[in-house]
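*Asks:* upload.pdb is the file, holding PDB, C-alpha atoms:
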ATOM      1  CA  MET O  17      36.160  -0.312 -84.184
ATOM      2  CA  LYS O  18      35.283   2.440 -81.738
ATOM      3  CA  LYS O  19      31.770   2.683 -83.182
ATOM      4  CA  ILE O  20      31.329  -1.083 -82.790
ATOM      5  CA  LEU O  21      32.359  -0.958 -79.121
ATOM      6  CA  LEU O  22      30.063   1.982 -78.460
ATOM      7  CA  GLY O  23      27.253   0.120 -80.192
ATOM      8  CA  ILE O  24      27.845  -2.950 -78.043
ATOM      9  CA  LEU O  25      27.911  -0.862 -74.857
ATOM     10  CA  ALA O  26      24.711   0.921 -75.873
ATOM     11  CA  LEU O  27      23.030  -2.428 -76.567
ATOM     12  CA  LEU O  28      24.130  -3.780 -73.175
ATOM     13  CA  LEU O  29      22.850  -0.661 -71.435
ATOM     14  CA  VAL O  30      19.478  -0.843 -73.162
ATOM     15  CA  SER O  31      19.236  -4.570 -72.344
ATOM     16  CA  LEU O  32      20.016  -3.842 -68.708
ATOM     17  CA  VAL O  33      17.346  -1.138 -68.506
ATOM     18  CA  VAL O  34      14.764  -3.389 -70.196
ATOM     19  CA  PHE O  35      15.605  -6.251 -67.812
ATOM     20  CA  TYR O  36      15.391  -3.926 -64.792
ATOM     21  CA  PHE O  37      11.879  -2.753 -65.610
ATOM     22  CA  TRP O  38      10.667  -6.181 -66.740
ATOM     23  CA  GLY O  39      12.209  -8.221 -63.900
ATOM     24  CA  SER O  40      11.108  -5.856 -61.136
ATOM     25  CA  SER O  41       7.541  -5.642 -62.450
ATOM     26  CA  SER O  42       4.722  -7.759 -61.029
ATOM     27  CA  PHE O  43       2.925 -10.455 -63.003
ATOM     28  CA  SER O  44       0.052 -11.311 -60.658
ATOM     29  CA  ASP O  45      -3.301  -9.620 -59.962
ATOM     30  CA  GLU O  46      -2.818  -7.149 -57.096
ATOM     31  CA  LYS O  47      -6.512  -7.518 -56.190
ATOM     32  CA  LYS O  48      -5.691 -11.040 -54.966
ATOM     33  CA  TYR O  49      -2.801 -10.030 -52.707
ATOM     34  CA  ASP O  50      -5.053 -10.208 -49.608
ATOM     35  CA  GLN O  51      -7.714 -12.672 -50.757
ATOM     36  CA  VAL O  52      -9.487 -15.185 -48.502
ATOM     37  CA  VAL O  53      -9.974 -18.677 -49.945
ATOM     38  CA  ASN O  54     -12.189 -21.594 -48.855
ATOM     39  CA  TYR O  55     -10.888 -25.131 -48.343
ATOM     40  CA  ASP O  56     -13.403 -27.063 -46.231
ATOM     41  CA  ASP O  57     -17.103 -26.309 -45.682
ATOM     42  CA  GLU O  58     -17.017 -27.512 -42.090
ATOM     43  CA  ILE O  59     -15.926 -25.321 -39.171
ATOM     44  CA  LEU O  60     -14.125 -27.873 -37.040
ATOM     45  CA  HIS O  61     -13.393 -26.170 -33.722
ATOM     46  CA  THR O  62     -15.406 -27.442 -30.721
ATOM     47  CA  SER O  63     -13.197 -26.714 -27.680
ATOM     48  CA  ASP O  64     -12.593 -23.699 -25.459
ATOM     49  CA  THR O  65      -8.862 -24.348 -25.838
ATOM     50  CA  LEU O  66      -7.343 -22.899 -29.004
ATOM     51  CA  SER O  67      -3.966 -23.449 -30.619
ATOM     52  CA  ILE O  68      -1.773 -21.410 -32.928
ATOM     53  CA  MET O  69       1.558 -21.892 -34.639
ATOM     54  CA  THR O  70       3.942 -19.505 -36.369
ATOM     55  CA  TYR O  71       6.215 -21.089 -38.961
ATOM     56  CA  ASN O  72       8.624 -19.601 -41.459
ATOM     57  CA  ILE O  73       8.643 -22.566 -43.809
ATOM     58  CA  GLY O  74      11.383 -21.110 -46.043
ATOM     59  CA  TYR O  75       9.395 -22.258 -49.108
ATOM     60  CA  LEU O  76      10.160 -25.843 -47.937
ATOM     61  CA  SER O  77      13.763 -25.544 -49.135
ATOM     62  CA  GLY O  78      15.395 -26.658 -45.890
ATOM     63  CA  MET O  79      18.850 -25.225 -45.287
ATOM     64  CA  THR O  80      19.306 -24.410 -49.000
ATOM     65  CA  ASN O  81      17.068 -21.319 -48.615
ATOM     66  CA  ASN O  82      19.232 -18.470 -49.964
ATOM     67  CA  LEU O  83      22.046 -20.582 -51.363
ATOM     68  CA  ALA O  84      23.037 -20.710 -55.030
ATOM     69  CA  VAL O  85      22.470 -24.448 -55.415
ATOM     70  CA  ASP O  86      20.446 -26.733 -57.648
ATOM     71  CA  ARG O  87      17.177 -27.860 -56.048
ATOM     72  CA  SER O  88      15.263 -30.886 -57.245
ATOM     73  CA  ALA O  89      11.497 -31.279 -57.267
ATOM     74  CA  SER O  90      11.956 -34.237 -54.916
ATOM     75  CA  LEU O  91      13.398 -31.927 -52.229
ATOM     76  CA  PHE O  92      10.139 -29.969 -52.124
ATOM     77  CA  THR O  93       7.950 -33.071 -52.419
ATOM     78  CA  ASN O  94       9.721 -34.780 -49.525
ATOM     79  CA  ASN O  95       9.618 -31.673 -47.318
ATOM     80  CA  TYR O  96       5.967 -31.106 -48.153
ATOM     81  CA  ASN O  97       5.059 -34.662 -47.174
ATOM     82  CA  ARG O  98       7.019 -34.270 -43.936
ATOM     83  CA  VAL O  99       5.346 -31.009 -42.957
ATOM     84  CA  VAL O 100       1.854 -32.332 -43.732
ATOM     85  CA  LYS O 101       2.446 -35.379 -41.541
ATOM     86  CA  ILE O 102       3.718 -33.275 -38.617
ATOM     87  CA  LEU O 103       1.074 -30.548 -38.790
ATOM     88  CA  ASP O 104      -1.786 -32.963 -39.397
ATOM     89  CA  SER O 105      -1.020 -34.841 -36.183
ATOM     90  CA  ALA O 106      -0.696 -31.565 -34.227
ATOM     91  CA  ASN O 107      -4.064 -30.259 -35.496
ATOM     92  CA  TYR O 108      -3.567 -26.516 -34.862
ATOM     93  CA  ASP O 109      -6.536 -24.152 -35.116
ATOM     94  CA  PHE O 110      -4.457 -21.417 -36.728
ATOM     95  CA  ILE O 111      -1.134 -21.433 -38.532
ATOM     96  CA  GLY O 112       0.648 -18.250 -39.553
ATOM     97  CA  LEU O 113       3.137 -18.957 -42.334
ATOM     98  CA  GLN O 114       6.013 -16.868 -43.630
ATOM     99  CA  GLU O 115       8.081 -17.443 -46.785
ATOM    100  CA  VAL O 116       5.361 -19.566 -48.355
ATOM    101  CA  ASP O 117       5.316 -19.729 -52.158
ATOM    102  CA  PHE O 118       2.105 -19.243 -54.130
ATOM    103  CA  ASN O 119       3.512 -19.569 -57.665
ATOM    104  CA  SER O 120       7.303 -19.334 -57.861
ATOM    105  CA  SER O 121       9.884 -20.840 -60.189
ATOM    106  CA  ARG O 122      12.202 -21.636 -57.276
ATOM    107  CA  SER O 123       9.679 -24.146 -55.855
ATOM    108  CA  PHE O 124       8.400 -25.524 -59.167
ATOM    109  CA  ASN O 125       5.310 -23.269 -59.313
ATOM    110  CA  ILE O 126       3.368 -25.156 -56.632
ATOM    111  CA  ASN O 127       0.915 -23.186 -54.499
ATOM    112  CA  GLN O 128       2.259 -24.362 -51.164
ATOM    113  CA  PHE O 129      -0.277 -22.347 -49.164
ATOM    114  CA  ASP O 130      -3.417 -23.747 -50.803
ATOM    115  CA  SER O 131      -1.924 -27.249 -50.848
ATOM    116  CA  LEU O 132      -1.400 -27.121 -47.077
ATOM    117  CA  GLY O 133      -4.835 -25.592 -46.505
ATOM    118  CA  ASN O 134      -6.530 -28.398 -48.395
ATOM    119  CA  HIS O 135      -4.449 -31.312 -47.112
ATOM    120  CA  LEU O 136      -4.677 -30.181 -43.483
ATOM    121  CA  LYS O 137      -8.440 -29.584 -43.815
ATOM    122  CA  PHE O 138      -8.465 -25.956 -42.753
ATOM    123  CA  HIS O 139     -11.697 -24.080 -43.231
ATOM    124  CA  GLN O 140     -10.145 -21.013 -44.886
ATOM    125  CA  GLY O 141      -6.857 -19.336 -45.711
ATOM    126  CA  ALA O 142      -5.928 -15.652 -45.919
ATOM    127  CA  TYR O 143      -3.209 -14.490 -48.305
ATOM    128  CA  ALA O 144      -0.655 -11.702 -47.882
ATOM    129  CA  VAL O 145       1.499 -11.484 -51.024
ATOM    130  CA  ASN O 146       4.767  -9.669 -50.385
ATOM    131  CA  TRP O 147       6.940 -10.683 -53.339
ATOM    132  CA  ASP O 148       5.530 -10.462 -56.860
ATOM    133  CA  LYS O 149       8.276 -10.125 -59.471
ATOM    134  CA  SER O 150       8.637 -11.308 -63.036
ATOM    135  CA  TYR O 151      12.250 -12.270 -62.395
ATOM    136  CA  VAL O 152      14.417 -12.125 -59.255
ATOM    137  CA  PRO O 153      18.168 -12.326 -60.095
ATOM    138  CA  PHE O 154      19.131 -13.817 -56.739
ATOM    139  CA  PRO O 155      21.289 -15.611 -55.667
ATOM    140  CA  TYR O 156      23.507 -13.669 -58.025
ATOM    141  CA  LEU O 157      25.750 -16.380 -59.466
ATOM    142  CA  PRO O 158      25.516 -18.791 -61.137
ATOM    143  CA  ILE O 159      22.618 -17.495 -63.238
ATOM    144  CA  GLN O 160      20.932 -20.909 -63.466
ATOM    145  CA  ASN O 161      20.245 -20.732 -59.717
ATOM    146  CA  HIS O 162      18.338 -17.442 -59.846
ATOM    147  CA  PHE O 163      14.945 -17.508 -58.125
ATOM    148  CA  GLY O 164      13.345 -16.226 -61.332
ATOM    149  CA  LYS O 165       9.562 -15.712 -61.333
ATOM    150  CA  MET O 166       8.395 -14.986 -57.803
ATOM    151  CA  LEU O 167       4.985 -14.976 -56.133
ATOM    152  CA  SER O 168       5.445 -15.512 -52.422
ATOM    153  CA  GLY O 169       4.506 -14.115 -49.033
ATOM    154  CA  GLN O 170       2.704 -14.831 -45.795
ATOM    155  CA  GLY O 171      -0.607 -16.422 -44.928
ATOM    156  CA  VAL O 172      -2.942 -17.429 -42.111
ATOM    157  CA  LEU O 173      -4.715 -20.801 -42.164
ATOM    158  CA  SER O 174      -7.829 -20.984 -39.991
ATOM    159  CA  LYS O 175     -10.185 -23.721 -38.809
ATOM    160  CA  MET O 176     -12.790 -20.985 -38.173
ATOM    161  CA  GLN O 177     -14.539 -18.356 -40.272
ATOM    162  CA  ILE O 178     -12.324 -15.475 -41.440
ATOM    163  CA  LEU O 179     -14.208 -12.179 -41.283
ATOM    164  CA  SER O 180     -11.642  -9.970 -43.000
ATOM    165  CA  ASN O 181      -8.042  -9.871 -44.124
ATOM    166  CA  GLU O 182      -5.744  -6.973 -44.931
ATOM    167  CA  PHE O 183      -2.094  -6.024 -44.717
ATOM    168  CA  VAL O 184       0.066  -3.008 -43.999
ATOM    169  CA  THR O 185       3.222  -2.602 -46.102
ATOM    170  CA  LEU O 186       6.281  -1.712 -44.042
ATOM    171  CA  ARG O 187       9.175   0.415 -45.208
ATOM    172  CA  LYS O 188      11.969  -0.945 -47.400
ATOM    173  CA  PRO O 189      15.574  -1.185 -46.147
ATOM    174  CA  ILE O 190      16.843   2.330 -45.507
ATOM    175  CA  SER O 191      20.451   1.749 -46.508
ATOM    176  CA  ALA O 192      19.774  -0.298 -49.657
ATOM    177  CA  PRO O 193      20.123   1.229 -53.161
ATOM    178  CA  PHE O 194      17.031   1.717 -55.313
ATOM    179  CA  TYR O 195      17.824  -1.163 -57.659
ATOM    180  CA  TYR O 196      18.104  -3.571 -54.703
ATOM    181  CA  ASN O 197      14.744  -2.500 -53.285
ATOM    182  CA  ALA O 198      13.165  -2.736 -56.737
ATOM    183  CA  PHE O 199      13.642  -6.526 -56.714
ATOM    184  CA  TYR O 200      13.343  -6.997 -52.946
ATOM    185  CA  LEU O 201      10.293  -8.321 -51.142
ATOM    186  CA  ASP O 202       7.898  -6.094 -49.194
ATOM    187  CA  ARG O 203       7.776  -6.651 -45.444
ATOM    188  CA  LEU O 204       4.172  -6.862 -44.256
ATOM    189  CA  LEU O 205       1.953  -6.814 -41.211
ATOM    190  CA  GLN O 206      -0.981  -9.083 -42.077
ATOM    191  CA  ILE O 207      -4.162  -8.501 -40.045
ATOM    192  CA  THR O 208      -6.742 -11.305 -40.112
ATOM    193  CA  LYS O 209     -10.021 -11.181 -38.173
ATOM    194  CA  VAL O 210     -11.572 -14.513 -37.192
ATOM    195  CA  GLN O 211     -15.039 -15.297 -35.831
ATOM    196  CA  LEU O 212     -15.060 -17.285 -32.572
ATOM    197  CA  GLY O 213     -18.690 -17.621 -31.522
ATOM    198  CA  SER O 214     -19.643 -14.166 -30.294
ATOM    199  CA  ASP O 215     -15.987 -13.085 -30.131
ATOM    200  CA  THR O 216     -13.623 -11.765 -32.782
ATOM    201  CA  LEU O 217      -9.997 -12.884 -32.643
ATOM    202  CA  ILE O 218      -7.298 -10.816 -34.343
ATOM    203  CA  VAL O 219      -4.314 -12.707 -35.765
ATOM    204  CA  MET O 220      -1.436 -10.479 -36.879
ATOM    205  CA  ASN O 221       1.245 -12.194 -38.943
ATOM    206  CA  VAL O 222       4.614 -10.534 -39.635
ATOM    207  CA  HIS O 223       7.950 -11.125 -41.320
ATOM    208  CA  LEU O 224      10.360  -8.331 -40.463
ATOM    209  CA  GLU O 225      13.467  -7.068 -42.235
ATOM    210  CA  ALA O 226      16.367  -9.505 -41.911
ATOM    211  CA  PHE O 227      19.474  -7.542 -42.889
ATOM    212  CA  ASP O 228      19.036  -3.909 -41.783
ATOM    213  CA  LYS O 229      18.611  -3.357 -38.033
ATOM    214  CA  GLU O 230      17.564   0.296 -38.274
ATOM    215  CA  THR O 231      14.794  -0.564 -40.721
ATOM    216  CA  ARG O 232      13.672  -3.526 -38.607
ATOM    217  CA  GLU O 233      13.369  -1.331 -35.516
ATOM    218  CA  LEU O 234      11.246   1.206 -37.396
ATOM    219  CA  GLN O 235       9.038  -1.614 -38.658
ATOM    220  CA  ALA O 236       8.641  -2.918 -35.094
ATOM    221  CA  LYS O 237       7.602   0.520 -33.803
ATOM    222  CA  LYS O 238       4.889   0.780 -36.445
ATOM    223  CA  ILE O 239       3.657  -2.741 -35.717
ATOM    224  CA  TYR O 240       3.583  -2.084 -31.975
ATOM    225  CA  ASN O 241       1.385   1.003 -32.430
ATOM    226  CA  ILE O 242      -1.028  -0.851 -34.708
ATOM    227  CA  TYR O 243      -1.097  -3.861 -32.372
ATOM    228  CA  LYS O 244      -1.930  -1.649 -29.378
ATOM    229  CA  SER O 245      -4.838  -0.088 -31.262
ATOM    230  CA  TYR O 246      -6.593  -3.489 -31.188
ATOM    231  CA  THR O 247      -5.746  -4.868 -27.760
ATOM    232  CA  SER O 248      -8.297  -2.927 -25.688
ATOM    233  CA  ASP O 249     -11.227  -4.339 -27.651
ATOM    234  CA  TYR O 250     -10.077  -7.682 -29.089
ATOM    235  CA  PRO O 251      -8.067 -10.749 -28.126
ATOM    236  CA  THR O 252      -5.058 -10.129 -30.363
ATOM    237  CA  LEU O 253      -2.196 -12.430 -31.307
ATOM    238  CA  LEU O 254       0.962 -11.091 -32.962
ATOM    239  CA  ILE O 255       3.025 -13.874 -34.474
ATOM    240  CA  GLY O 256       5.818 -14.343 -36.943
ATOM    241  CA  ASP O 257       9.465 -14.158 -37.869
ATOM    242  CA  PHE O 258      10.830 -10.983 -36.262
ATOM    243  CA  ASN O 259      14.434 -11.634 -37.356
ATOM    244  CA  SER O 260      15.617 -10.425 -33.944
ATOM    245  CA  ARG O 261      16.854 -12.054 -30.756
ATOM    246  CA  PRO O 262      15.216 -11.426 -27.368
ATOM    247  CA  PRO O 263      16.975  -8.531 -25.580
ATOM    248  CA  PHE O 264      17.903 -10.759 -22.648
ATOM    249  CA  ALA O 265      19.651 -13.418 -24.760
ATOM    250  CA  SER O 266      23.090 -14.218 -23.340
ATOM    251  CA  ASP O 267      24.939 -13.722 -26.629
ATOM    252  CA  ILE O 268      23.571 -10.302 -27.648
ATOM    253  CA  VAL O 269      26.295  -8.465 -29.583
ATOM    254  CA  GLU O 270      24.420  -5.290 -30.501
ATOM    255  CA  GLU O 271      21.461  -3.863 -28.604
ATOM    256  CA  GLU O 272      18.176  -3.737 -30.487
ATOM    257  CA  ILE O 273      14.696  -2.571 -29.483
ATOM    258  CA  THR O 274      12.645  -4.778 -31.834
ATOM    259  CA  ILE O 275      11.526  -7.416 -29.315
ATOM    260  CA  GLY O 276      11.943  -5.261 -26.222
ATOM    261  CA  LEU O 277       9.194  -2.929 -27.453
ATOM    262  CA  PHE O 278       6.657  -5.661 -26.801
ATOM    263  CA  LEU O 279       8.198  -7.224 -23.704
ATOM    264  CA  ILE O 280       8.241  -4.014 -21.648
ATOM    265  CA  ASP O 281       4.487  -3.587 -22.074
ATOM    266  CA  PRO O 282       2.815  -5.100 -18.968
ATOM    267  CA  ASN O 283      -0.276  -6.143 -20.948
ATOM    268  CA  ILE O 284       1.689  -8.097 -23.557
ATOM    269  CA  GLY O 285       2.665 -11.694 -22.907
ATOM    270  CA  GLU O 286       4.901 -13.948 -24.979
ATOM    271  CA  ALA O 287       4.698 -17.671 -25.630
ATOM    272  CA  ILE O 288       8.174 -18.383 -24.214
ATOM    273  CA  GLU O 289       8.505 -16.088 -21.192
ATOM    274  CA  LYS O 290      11.877 -14.714 -20.048
ATOM    275  CA  ASP O 291      12.429 -16.916 -16.972
ATOM    276  CA  ARG O 292      11.654 -20.087 -18.878
ATOM    277  CA  TYR O 293      13.849 -19.050 -21.796
ATOM    278  CA  LEU O 294      16.852 -18.245 -19.623
ATOM    279  CA  ARG O 295      16.692 -21.585 -17.826
ATOM    280  CA  ASN O 296      17.651 -23.313 -21.089
ATOM    281  CA  GLU O 297      18.165 -20.939 -24.004
ATOM    282  CA  SER O 298      19.121 -23.537 -26.602
ATOM    283  CA  GLN O 299      15.812 -25.335 -26.020
ATOM    284  CA  PHE O 300      14.027 -22.383 -27.598
ATOM    285  CA  PHE O 301      16.312 -21.466 -30.492
ATOM    286  CA  THR O 302      14.417 -21.390 -33.790
ATOM    287  CA  PHE O 303      17.229 -20.668 -36.270
ATOM    288  CA  ASN O 304      18.913 -22.351 -37.987
ATOM    289  CA  THR O 305      17.739 -25.934 -38.070
ATOM    290  CA  GLU O 306      21.118 -27.400 -38.966
ATOM    291  CA  ASP O 307      22.760 -25.972 -35.824
ATOM    292  CA  PRO O 308      20.289 -23.785 -33.876
ATOM    293  CA  TYR O 309      21.952 -20.753 -32.279
ATOM    294  CA  GLU O 310      19.295 -18.011 -31.876
ATOM    295  CA  ARG O 311      15.605 -17.305 -31.460
ATOM    296  CA  LEU O 312      13.867 -15.241 -34.164
ATOM    297  CA  ASP O 313      10.228 -16.417 -34.047
ATOM    298  CA  TYR O 314       7.591 -15.274 -31.516
ATOM    299  CA  ILE O 315       3.956 -15.355 -30.416
ATOM    300  CA  PHE O 316       2.760 -12.277 -28.496
ATOM    301  CA  TYR O 317      -0.708 -11.902 -26.936
ATOM    302  CA  ASN O 318      -2.652  -9.358 -24.873
ATOM    303  CA  LYS O 319      -3.078 -10.574 -21.288
ATOM    304  CA  ASN O 320      -6.349  -8.723 -20.708
ATOM    305  CA  LYS O 321      -8.105 -10.893 -23.305
ATOM    306  CA  ILE O 322      -6.042 -14.086 -23.652
ATOM    307  CA  SER O 323      -4.785 -16.705 -21.173
ATOM    308  CA  LYS O 324      -1.815 -18.763 -22.268
ATOM    309  CA  ILE O 325      -2.005 -22.481 -21.464
ATOM    310  CA  ASP O 326       1.118 -24.040 -22.957
ATOM    311  CA  SER O 327       3.803 -23.362 -25.576
ATOM    312  CA  ASP O 328       7.019 -24.681 -27.081
ATOM    313  CA  VAL O 329       9.292 -24.872 -30.102
ATOM    314  CA  LEU O 330       8.325 -27.771 -32.371
ATOM    315  CA  LYS O 331      11.716 -29.401 -32.818
ATOM    316  CA  VAL O 332      10.302 -32.423 -34.595
ATOM    317  CA  ALA O 333       9.945 -30.194 -37.678
ATOM    318  CA  GLY O 334      13.682 -30.630 -38.187
ATOM    319  CA  ASP O 335      15.213 -29.281 -41.375
ATOM    320  CA  ILE O 336      12.026 -28.877 -43.436
ATOM    321  CA  SER O 337      12.878 -25.169 -43.243
ATOM    322  CA  ASP O 338      15.824 -23.196 -41.876
ATOM    323  CA  HIS O 339      13.439 -22.071 -39.075
ATOM    324  CA  LEU O 340      11.696 -24.098 -36.398
ATOM    325  CA  PRO O 341       8.035 -23.322 -35.626
ATOM    326  CA  VAL O 342       6.682 -22.021 -32.321
ATOM    327  CA  TRP O 343       3.223 -23.022 -31.017
ATOM    328  CA  MET O 344       0.949 -21.926 -28.189
ATOM    329  CA  THR O 345      -2.342 -23.129 -26.732
ATOM    330  CA  PHE O 346      -4.601 -20.531 -25.145
ATOM    331  CA  SER O 347      -8.124 -19.608 -24.150
ATOM    332  CA  LEU O 348     -10.076 -16.369 -24.321
ATOM    333  CA  LYS O 349     -10.892 -14.553 -21.092
TER     334      LYS O 349
END
As structure tokens, what does this structure read like?

*Replies:*
Amino acid sequence: MKKILLGILALLLVSLVVFYFWGSSSFSDEKKYDQVVNYDDEILHTSDTLSIMTYNIGYLSGMTNNLAVDRSASLFTNNYNRVVKILDSANYDFIGLQEVDFNSSRSFNINQFDSLGNHLKFHQGAYAVNWDKSYVPFPYLPIQNHFGKMLSGQGVLSKMQILSNEFVTLRKPISAPFYYNAFYLDRLLQITKVQLGSDTLIVMNVHLEAFDKETRELQAKKIYNIYKSYTSDYPTLLIGDFNSRPPFASDIVEEEITIGLFLIDPNIGEAIEKDRYLRNESQFFTFNTEDPYERLDYIFYNKNKISKIDSDVLKVAGDISDHLPVWMTFSLK
């Protein structure tokens, strides 16, 4: 009997090790992690006024994002149709997306990024894959609600010609065990260069650590230094889901430097400036869409090269995602 139990335990251990190495391994071509793809032959921009949006679309799962629930194909189809209708009428020149699926079991293996690029008639799209796993065992229970096969990340859609696209991988959560980080997504700084006539616009797209403040602050410091290396020579936009509240928010519980790093720099502007935000904080909350209570999403720009015209939170997006998008119109100096 003892030998049987030992045999069973050994089999379970071997199965666990095999699953660990298989599930945490990638299945996609790493050479395509930062690819640029074409959607429409025509470059459509004709105005001196430009527009950009940052949107964590939460793989179009609404408020079910990280919940262990059954999701139907109709949920994603309905949310996709809603987001296409909203974004098509807004006609942004650039959209930086976070949590967009390229080929994932959790969203029925639809390439959401290319679908949006084609339907919204963007000229090109730039990928930044940050989660490529054969099997993600999250949410943990029940097993049938696991995310499973995962190919997801960030991306920039552009109405103009993309000159180059790359990304910088940021550090994993400091306090997390190795087996957690093995299945966890990479946090990235995506850097996309776009041709605007004789000018080059830099669009930086980020999605920072959500659960570990110390790690998020270190990521922000690295991003700030890279961002500053571009701002003397190029108009540079830094957009995305920073997973951090502004330091002047009225309900700050624990101090954090993530957003303050950028706001204390006199050459860096932000789409929703402090005075405007404080006049009506709830107007600019971006998370969550069921009952918004905080702002996590931002658009930063360098004042020496960019003039902001207008900006807001796009509340009409509703519960397509658990985040609301932020947009800004601007011109180059």

*Asks:* Can you pull out every residue within 10 Å of Ser120 (chain O), counting only C-alpha atoms, but drop anything in the same chain fewer than 4 positions away, and send it as a PyMOL selection string?

*Replies:* chain O and resi 75+116+124-128+147-151+163-168

*Asks:* Give me the result of the PyMOL selection byres ((chain O and resi 84) around 6) on this file, residue by residue, as a PyMOL selection string.

*Replies:* chain O and resi 83+85+155+161

*Asks:* Fewer than 5 positions away in the same chain doesn't count, so skip those; otherwise give me all residues within 12 Å of Ile280 (chain O), counting all atoms listed in the file, as a list of chain:residue names.

*Replies:*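 Listing them by chain and then by number gives O:Tyr240, O:Pro262, O:Pro263, O:Phe264, O:Ile273, O:Thr274, O:Ile275, O:Gly285, O:Glu286, O:Lys290.
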
*Asks:* Pick the closest to Ile322 (chain O) from O:Gln160, O:Thr208, O:Ser347, O:Ser180: which is it, counting all atoms listed in the file?

*Replies:*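 Of all the options, O:Ser347 lies closest to Ile322 (chain O).
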
*Asks:* Find the smallest box with edges along x, y and z containing every listed atom of region 206-218 of chain O, then add 3 Å on each side and report centre and edge lengths in Å to one decimal, as JSON.

*Replies:*
{"center_x": -10.3, "center_y": -13.1, "center_z": -36.1, "size_x": 24.7, "size_y": 15.1, "size_z": 17.9}

*Asks:* Can you work out which one of O:Asn119, O:Ser77, O:Asn107, O:Asn259 has the shortest atom-to-atom distance to Phe92 (chain O), counting all atoms listed in the file?

*Replies:* O:Ser77

*Asks:* For each of O:Arg311, O:Asn94, O:Val172, O:Lys321, take the minimum atom-to-atom distance to Tyr246 (chain O), counting all atoms listed in the file, then give the residue where this is smallest.

*Replies:*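 Closest residue, counting all atoms listed in the file: O:Lys321.
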
*Asks:* Taking the file as shown, what set of residues would the PyMOL selection byres ((chain O and resi 242) around 12) give back, as a compact mmCIF listing (two decimals) with C-alpha atoms, in the coordinates of the input?

*Replies:*
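See result.txt below for the written result:
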# COMPACT_ATOMS: atom_id res chain seq x y z
CA PHE O 183 -2.09 -6.02 -44.72
CA VAL O 184 0.07 -3.01 -44.00
CA LEU O 186 6.28 -1.71 -44.04
CA LEU O 205 1.95 -6.81 -41.21
CA GLN O 206 -0.98 -9.08 -42.08
CA ILE O 207 -4.16 -8.50 -40.04
CA ILE O 218 -7.30 -10.82 -34.34
CA MET O 220 -1.44 -10.48 -36.88
CA GLN O 235 9.04 -1.61 -38.66
CA ALA O 236 8.64 -2.92 -35.09
CA LYS O 237 7.60 0.52 -33.80
CA LYS O 238 4.89 0.78 -36.44
CA ILE O 239 3.66 -2.74 -35.72
CA TYR O 240 3.58 -2.08 -31.98
CA ASN O 241 1.38 1.00 -32.43
CA TYR O 243 -1.10 -3.86 -32.37
CA LYS O 244 -1.93 -1.65 -29.38
CA SER O 245 -4.84 -0.09 -31.26
CA TYR O 246 -6.59 -3.49 -31.19
CA THR O 247 -5.75 -4.87 -27.76
CA SER O 248 -8.30 -2.93 -25.69
CA THR O 252 -5.06 -10.13 -30.36
CA LEU O 254 0.96 -11.09 -32.96

*Asks:* For region 129-140 of chain O, please output as a ChimeraX atom specification all residues within 7 Å (counting only C-alpha atoms; exclusion window: fewer than 2 positions along the same chain).

*Replies:* /O:52-59,100,104,116-118,127,142,173-178

*Asks:* Just C-alpha atoms for this one: save the residues we selected as a short mmCIF file (atom, residue, chain, number, x, y, z; two decimals), in the coordinates of the input.

*Replies:*
data_model
loop_
_atom_site.label_atom_id
_atom_site.label_comp_id
_atom_site.auth_asym_id
_atom_site.auth_seq_id
_atom_site.Cartn_x
_atom_site.Cartn_y
_atom_site.Cartn_z
CA VAL O 52 -9.49 -15.18 -48.50
CA VAL O 53 -9.97 -18.68 -49.94
CA ASN O 54 -12.19 -21.59 -48.86
CA TYR O 55 -10.89 -25.13 -48.34
CA ASP O 56 -13.40 -27.06 -46.23
CA ASP O 57 -17.10 -26.31 -45.68
CA GLU O 58 -17.02 -27.51 -42.09
CA ILE O 59 -15.93 -25.32 -39.17
CA VAL O 100 1.85 -32.33 -43.73
CA ASP O 104 -1.79 -32.96 -39.40
CA VAL O 116 5.36 -19.57 -48.36
CA ASP O 117 5.32 -19.73 -52.16
CA PHE O 118 2.10 -19.24 -54.13
CA ASN O 127 0.92 -23.19 -54.50
CA ALA O 142 -5.93 -15.65 -45.92
CA LEU O 173 -4.72 -20.80 -42.16
CA SER O 174 -7.83 -20.98 -39.99
CA LYS O 175 -10.18 -23.72 -38.81
CA MET O 176 -12.79 -20.98 -38.17
CA GLN O 177 -14.54 -18.36 -40.27
CA ILE O 178 -12.32 -15.48 -41.44
#

*Asks:* Report, in Å with one decimal, the straight-line distance from CA of Glu115 (chain O) to CA of Tyr71 (chain O).

*Replies:*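 Separation of CA of Glu115 (chain O) and CA of Tyr71 (chain O): 8.8 Å.
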
*Asks:* How many Å separate CA of Ile288 (chain O) from CA of Leu204 (chain O)?

*Replies:* 23.5 Å

*Asks:* Just give me the residues with any atom within 9 Å of (4.2, -15.0, -28.2), file coordinates, counting all atoms listed in the file, written as a list in words.

*Replies:*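 It turns out the residues near that spot are Leu253, Leu254, Ile255, Gly256, Ile284, Gly285, Glu286, Ala287, Ile288, Glu289, Asp313, Tyr314, Ile315, Phe316, Tyr317, Ser327, Val342, Trp343 and Met344 of chain O.
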
*Asks:* Just to confirm, what's the straight-line distance from CA of Pro308 (chain O) to CA of Arg292 (chain O) in Å (one decimal)?

*Replies:*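 Between these atoms lies a distance of 17.7 Å.
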
*Asks:* Using only C-alpha atoms for the distances, tell me which of O:Ile20, O:Val99, O:Met69, O:Leu312 is nearest to Gly334 (chain O).

*Replies:*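 Nearest candidate to Gly334 (chain O) out of O:Ile20, O:Val99, O:Met69, O:Leu312: O:Val99.
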
*Asks:* Enumerate, as a PyMOL selection string, the protein, DNA and RNA residues whose atoms approach (15.5, -6.4, -34.9) to within 6 Å, taking into account only C-alpha atoms and the coordinate frame of the file.

*Replies:* chain O and resi 229+232-233+259-260+272+274
